[in-house]
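Asker: Shown below is the structure under consideration.
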Amino acid sequence: RRRAWGRGQLVLAPLEEARDAAFRRYGRLERLTTPDWRIAASLDSRCPEPGLGFFGGLEAADRDAAASAIVAAEGWLRDAGATRVQGPILRHTWYPFRAVTGGQGAWPTLPGEPANPEWFPALLGELGYEPVVHSVSTWTDDLEPLVRHSARKLAAIAERGYRIRALDPSRLLADLRAIHGLIDRCFAPPENHLYHAVDFEEFLLVLGVQPGAPSTLDPRLLLLAEAPSGVIVGLSYNVQSGPLVALKTLAVDPAHAGAGLGGALAAETHRVAKELGVTTMAHVLMRSGGPATTLSTGGATTVFRRYAVFEKALP
């Protein structure tokens, strides 16, 4: 039978196997599979909310099969000691999570974006789940406003001794180590749902970087802000798909807030995107009502997709 979403593969790709292995160093994960569905249930020992388990990685032949999979995941989690469950979350929130609740099928399609049938949120409601975290993605086909001010913003931060540069392939691991430390200084709930640190090895796997395999990172689209000391204190992480660039992460070290780095990184990102021939920019997976969404929509972007994380208590 045709599956409702996902590829329906029963054998994990090497990258997913490596991610599972990294997670299992500190968490518990079970992949439950039948001919009609597959799902992962997990408990993250580093989760900031004790007793919380997750389901994710759901593939199902139809709505009934999806319901059966979720119930099976709940049973495993209950037996493992969880008192609540959230989903869809595969492993934890460093990896793709959330369900699409609005704008399914709307253009543009984003690389790495969550996907599910339109009936999925209603099914979760029938199973007793309620949305607890809401997110949005926005887009614009007018890159000029920020591009126009890029030179001015770069000059302003240069006066303070900062500069913006692209990821350096000749020192890839050193740059990625610096980014790993920066993210740990920048990310925190509630803007980053259930955030906790991961080690550098798992961080590389999150990015899809594996030892001995070619890097898929485009250095032109990973921009770094350096302080006068040379320390990396900001980044803009982006992914291109045809005529679209998706801005996935914009972060500035709190110790350097107010220096204009966020605006300069955004402006330079849009300038580089236009230089690459991009006509559309998306700001993706931002918490509804959070600072990133406010800045994005204030810059004349339009919300085109909505998402949520769902939760229920386990009796």
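Ligands are numbered from 1 in the order shown, chains are lettered A, B, ... in the order of the structure tokens, and residues start at 1 in each chain.
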Find the residues near Arg25 of chain A: any atom within 10 Å, counting only C-alpha atoms, skip ones fewer than 4 places away on the same chain, and give them as a ChimeraX atom specification.
Answerer: /A:20-21,45
Asker: Go ahead and write the selection's residues with N, CA, C and O atoms as an mmCIF file, in the first residue's frame.
Answerer:
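The result, stored in selection-v5.cif:
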data_model
loop_
_atom_site.group_PDB
_atom_site.id
_atom_site.type_symbol
_atom_site.label_atom_id
_atom_site.label_comp_id
_atom_site.auth_asym_id
_atom_site.auth_seq_id
_atom_site.Cartn_x
_atom_site.Cartn_y
_atom_site.Cartn_z
ATOM 1 N N ASP A 20 21.426 7.652 15.839
ATOM 2 C CA ASP A 20 20.839 6.794 16.876
ATOM 3 C C ASP A 20 21.905 6.367 17.885
ATOM 4 O O ASP A 20 21.678 6.388 19.103
ATOM 5 N N ALA A 21 23.068 5.955 17.391
ATOM 6 C CA ALA A 21 24.139 5.488 18.267
ATOM 7 C C ALA A 21 24.619 6.605 19.187
ATOM 8 O O ALA A 21 24.867 6.380 20.381
ATOM 9 N N SER A 45 17.801 11.435 28.640
ATOM 10 C CA SER A 45 18.197 11.660 30.031
ATOM 11 C C SER A 45 18.612 13.100 30.288
ATOM 12 O O SER A 45 18.636 13.541 31.433
#
Asker: With only C-alpha atoms as the counted atoms, please give the residues lying no more than 8 Å from segment 205-216 of chain A, apart from itself and same-chain residues fewer than 4 positions off, as a list in words.
Answerer: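 Everything that qualifies: Leu15, Ala18, Arg19, Trp94, Tyr95 and Glu201 of chain A.
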Asker: Given the choices A:Ala60, A:Ala227, A:Leu32, A:Ala266, which gets closest to Arg160 of chain A if the distance is worked out from only C-alpha atoms?
Answerer: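 Among the listed residues, A:Ala227 lies closest to Arg160 of chain A.
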Asker: Using only C-alpha atoms, can you tell me which of A:Ala197, A:Ile164, A:Leu110, A:Leu235 comes closest to Val284 of chain A?
Answerer: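 Comparing A:Ala197, A:Ile164, A:Leu110, A:Leu235 against Val284 of chain A, the winner is A:Leu110.
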Asker: Restricting the calculation to only C-alpha atoms: of A:Pro111, A:Arg31, A:Ile183, A:Leu77, which residue gets closest to Pro254 of chain A?
Answerer: A:Ile183
Asker: Just asking: which residues within segment 231-301 of chain A are strand (DSSP E) according to DSSP, as a ChimeraX atom specification?
Answerer: /A:232-241,244-252,280-287
Asker: Counting only C-alpha atoms, which residue out of A:Gly51, A:Glu202, A:Ala69, A:Arg287 sits closest to Asp36 of chain A?
Answerer: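 Nearest to Asp36 of chain A: A:Ala69.
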Asker: With distances taken over only C-alpha atoms, which of A:Arg46, A:Arg152, A:Arg38, A:Arg91 is nearest to Val71 of chain A?
Answerer: A:Arg38
Asker: So which residues touch Gly125 of chain A within 12 Å, counting only C-alpha atoms, skipping near sequence neighbours fewer than 3 positions away, as a PyMOL selection string?
Answerer: chain A and resi 67+101+119-122+128-131+309-312
Asker: I'd like the neighbourhood of Phe304 of chain A as an NGL selection string, where a residue qualifies if any of its atoms comes within 8 Å (using only C-alpha atoms), though same-chain residues fewer than 2 positions away should be ignored.
Answerer: :A and (103 or 106-107 or 136-139 or 302 or 306)
Asker: Quick one: residues within 12 Å of Ala282 of chain A, only C-alpha atoms, excluding same-chain residues fewer than 4 positions away - as number ranges by chain?
Answerer: A: 107-111, 113, 136-143, 238-241, 243-249, 266, 269-270, 273, 278, 286, 293, 296-297, 299-305
Asker: Taking N, CA and C atoms for each residue, export the selection above as a tab-separated table (two decimals), in the first residue's frame.
Answerer:
chain	number	residue	atom	x	y	z
A	107	TRP	N	3.60	26.78	-1.30
A	107	TRP	CA	4.97	27.07	-1.75
A	107	TRP	C	5.59	28.09	-0.79
A	108	PRO	N	6.87	28.04	-0.50
A	108	PRO	CA	7.86	27.10	-1.02
A	108	PRO	C	8.02	25.87	-0.13
A	109	THR	N	8.62	24.82	-0.70
A	109	THR	CA	9.01	23.64	0.06
A	109	THR	C	10.43	23.85	0.56
A	110	LEU	N	10.66	23.57	1.83
A	110	LEU	CA	11.95	23.86	2.45
A	110	LEU	C	12.77	22.60	2.65
A	111	PRO	N	14.08	22.67	2.46
A	111	PRO	CA	14.93	21.51	2.71
A	111	PRO	C	14.91	21.14	4.19
A	113	GLU	N	12.45	20.23	6.02
A	113	GLU	CA	11.25	20.66	6.75
A	113	GLU	C	10.39	19.46	7.16
A	136	VAL	N	6.39	29.06	13.18
A	136	VAL	CA	6.02	29.49	11.83
A	136	VAL	C	7.26	29.58	10.96
A	137	SER	N	7.04	29.57	9.65
A	137	SER	CA	8.06	29.93	8.68
A	137	SER	C	7.52	31.07	7.82
A	138	THR	N	8.41	31.98	7.44
A	138	THR	CA	8.02	33.13	6.62
A	138	THR	C	8.86	33.17	5.36
A	139	TRP	N	8.39	33.93	4.39
A	139	TRP	CA	9.17	34.07	3.16
A	139	TRP	C	8.97	35.45	2.56
A	140	THR	N	9.91	35.84	1.70
A	140	THR	CA	9.81	37.07	0.94
A	140	THR	C	10.50	36.88	-0.41
A	141	ASP	N	10.00	37.53	-1.42
A	141	ASP	CA	10.70	37.54	-2.72
A	141	ASP	C	11.29	38.92	-2.99
A	142	ASP	N	11.38	39.75	-1.94
A	142	ASP	CA	11.98	41.09	-2.06
A	142	ASP	C	13.21	41.14	-1.16
A	143	LEU	N	14.38	40.88	-1.72
A	143	LEU	CA	15.61	40.87	-0.94
A	143	LEU	C	16.24	42.25	-0.83
A	238	ASN	N	22.43	28.73	6.68
A	238	ASN	CA	21.43	28.74	5.62
A	238	ASN	C	21.59	27.51	4.72
A	239	VAL	N	20.50	27.13	4.07
A	239	VAL	CA	20.50	26.01	3.13
A	239	VAL	C	19.81	26.48	1.84
A	240	GLN	N	20.41	26.16	0.69
A	240	GLN	CA	19.82	26.55	-0.59
A	240	GLN	C	19.11	25.38	-1.24
A	241	SER	N	17.97	25.64	-1.85
A	241	SER	CA	17.24	24.66	-2.65
A	241	SER	C	16.71	25.38	-3.89
A	243	PRO	N	15.95	28.13	-6.37
A	243	PRO	CA	15.93	29.59	-6.27
A	243	PRO	C	15.59	30.09	-4.87
A	244	LEU	N	15.68	29.21	-3.86
A	244	LEU	CA	15.31	29.56	-2.49
A	244	LEU	C	16.48	29.34	-1.55
A	245	VAL	N	16.69	30.28	-0.63
A	245	VAL	CA	17.59	30.08	0.49
A	245	VAL	C	16.78	30.14	1.77
A	246	ALA	N	16.95	29.13	2.61
A	246	ALA	CA	16.26	29.08	3.90
A	246	ALA	C	17.24	29.43	5.01
A	247	LEU	N	16.95	30.50	5.73
A	247	LEU	CA	17.75	30.88	6.89
A	247	LEU	C	17.27	30.06	8.07
A	248	LYS	N	18.11	29.13	8.54
A	248	LYS	CA	17.69	28.19	9.57
A	248	LYS	C	18.10	28.64	10.97
A	249	THR	N	19.25	29.29	11.09
A	249	THR	CA	19.71	29.72	12.41
A	249	THR	C	20.41	31.06	12.29
A	266	ALA	N	22.14	39.23	9.04
A	266	ALA	CA	20.95	39.08	8.19
A	266	ALA	C	21.14	39.79	6.86
A	269	THR	N	23.59	37.91	4.74
A	269	THR	CA	22.96	36.68	4.25
A	269	THR	C	22.12	36.96	3.02
A	270	HIS	N	21.30	38.00	3.07
A	270	HIS	CA	20.45	38.34	1.93
A	270	HIS	C	21.29	38.79	0.74
A	273	ALA	N	22.77	35.67	-0.78
A	273	ALA	CA	21.70	34.93	-1.46
A	273	ALA	C	21.40	35.55	-2.83
A	278	VAL	N	19.53	33.85	-6.04
A	278	VAL	CA	18.31	33.48	-5.32
A	278	VAL	C	17.28	34.59	-5.44
A	286	MET	N	10.51	29.32	13.30
A	286	MET	CA	10.68	30.27	14.40
A	286	MET	C	9.50	30.14	15.37
A	293	THR	N	10.57	35.76	15.10
A	293	THR	CA	9.37	35.97	14.28
A	293	THR	C	9.02	37.45	14.19
A	296	SER	N	11.38	39.04	11.77
A	296	SER	CA	11.14	38.59	10.39
A	296	SER	C	9.90	39.25	9.80
A	297	THR	N	8.78	39.17	10.52
A	297	THR	CA	7.55	39.74	9.98
A	297	THR	C	7.61	41.27	9.93
A	299	GLY	N	10.10	42.78	8.93
A	299	GLY	CA	10.83	43.04	7.70
A	299	GLY	C	10.04	42.73	6.46
A	300	ALA	N	8.71	42.67	6.60
A	300	ALA	CA	7.78	42.51	5.47
A	300	ALA	C	7.80	41.11	4.88
A	301	THR	N	8.08	40.09	5.71
A	301	THR	CA	7.92	38.72	5.25
A	301	THR	C	6.50	38.25	5.53
A	302	THR	N	6.11	37.14	4.90
A	302	THR	CA	4.76	36.59	5.02
A	302	THR	C	4.82	35.19	5.60
A	303	VAL	N	3.98	34.91	6.60
A	303	VAL	CA	3.90	33.56	7.15
A	303	VAL	C	3.25	32.64	6.12
A	304	PHE	N	3.90	31.52	5.81
A	304	PHE	CA	3.32	30.60	4.82
A	304	PHE	C	3.12	29.18	5.38
A	305	ARG	N	3.71	28.89	6.55
A	305	ARG	CA	3.54	27.57	7.14
A	305	ARG	C	3.50	27.69	8.66
Asker: Out of segment 63-277 of chain A, which residues get helix (DSSP H, G or I) from DSSP, as a count of residues only?
Answerer: 85
Asker: In terms of the shortest atom-to-atom distance over only C-alpha atoms, which of A:His196, A:His134, A:His92, A:Arg165 is closest to Asp184 of chain A?
Answerer: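 When distances to Asp184 of chain A are compared using only C-alpha atoms, the smallest one comes from A:His196.
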Asker: Compile the contact shell of Val252 of chain A as a VMD selection string: residues with an atom at most 8 Å away, counting only C-alpha atoms, same-chain residues fewer than 6 positions apart removed.
Answerer: chain A and resid 182 186 233 to 235 261 to 262
Asker: Keeping only N, CA, C and O atoms, write the selected residues to a file as a PDB file, in the first residue's frame.
Answerer:
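See part-v4.pdb below for the written result:
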ATOM      1  N   LEU A 182      29.486  28.380  20.404  1.00  0.00           N
ATOM      2  CA  LEU A 182      28.622  29.552  20.286  1.00  0.00           C
ATOM      3  C   LEU A 182      27.161  29.192  20.504  1.00  0.00           C
ATOM      4  O   LEU A 182      26.436  29.879  21.235  1.00  0.00           O
ATOM      5  N   CYS A 186      24.266  30.571  23.138  1.00  0.00           N
ATOM      6  CA  CYS A 186      23.139  31.353  22.617  1.00  0.00           C
ATOM      7  C   CYS A 186      21.779  30.719  22.855  1.00  0.00           C
ATOM      8  O   CYS A 186      20.792  31.430  23.075  1.00  0.00           O
ATOM      9  N   VAL A 233      31.474  34.961  17.360  1.00  0.00           N
ATOM     10  CA  VAL A 233      30.433  35.399  18.296  1.00  0.00           C
ATOM     11  C   VAL A 233      29.054  35.503  17.632  1.00  0.00           C
ATOM     12  O   VAL A 233      28.098  35.972  18.252  1.00  0.00           O
ATOM     13  N   GLY A 234      28.939  35.066  16.385  1.00  0.00           N
ATOM     14  CA  GLY A 234      27.640  35.102  15.712  1.00  0.00           C
ATOM     15  C   GLY A 234      27.674  34.235  14.477  1.00  0.00           C
ATOM     16  O   GLY A 234      28.754  33.959  13.921  1.00  0.00           O
ATOM     17  N   LEU A 235      26.493  33.766  14.062  1.00  0.00           N
ATOM     18  CA  LEU A 235      26.434  32.979  12.833  1.00  0.00           C
ATOM     19  C   LEU A 235      25.084  33.098  12.171  1.00  0.00           C
ATOM     20  O   LEU A 235      24.072  33.376  12.822  1.00  0.00           O
ATOM     21  N   LEU A 261      25.344  42.970  15.351  1.00  0.00           N
ATOM     22  CA  LEU A 261      25.771  41.782  14.614  1.00  0.00           C
ATOM     23  C   LEU A 261      24.605  41.036  13.987  1.00  0.00           C
ATOM     24  O   LEU A 261      24.725  40.497  12.887  1.00  0.00           O
ATOM     25  N   GLY A 262      23.460  40.963  14.680  1.00  0.00           N
ATOM     26  CA  GLY A 262      22.304  40.265  14.118  1.00  0.00           C
ATOM     27  C   GLY A 262      21.850  40.888  12.813  1.00  0.00           C
ATOM     28  O   GLY A 262      21.634  40.196  11.811  1.00  0.00           O
TER      29      GLY A 262
END
Asker: Would you mind reading off the distance between atom CA of Leu314 of chain A and atom CA of Arg78 of chain A, one decimal, in Å?
Answerer: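 Between atom CA of Leu314 of chain A and atom CA of Arg78 of chain A the gap works out to 6.7 Å.
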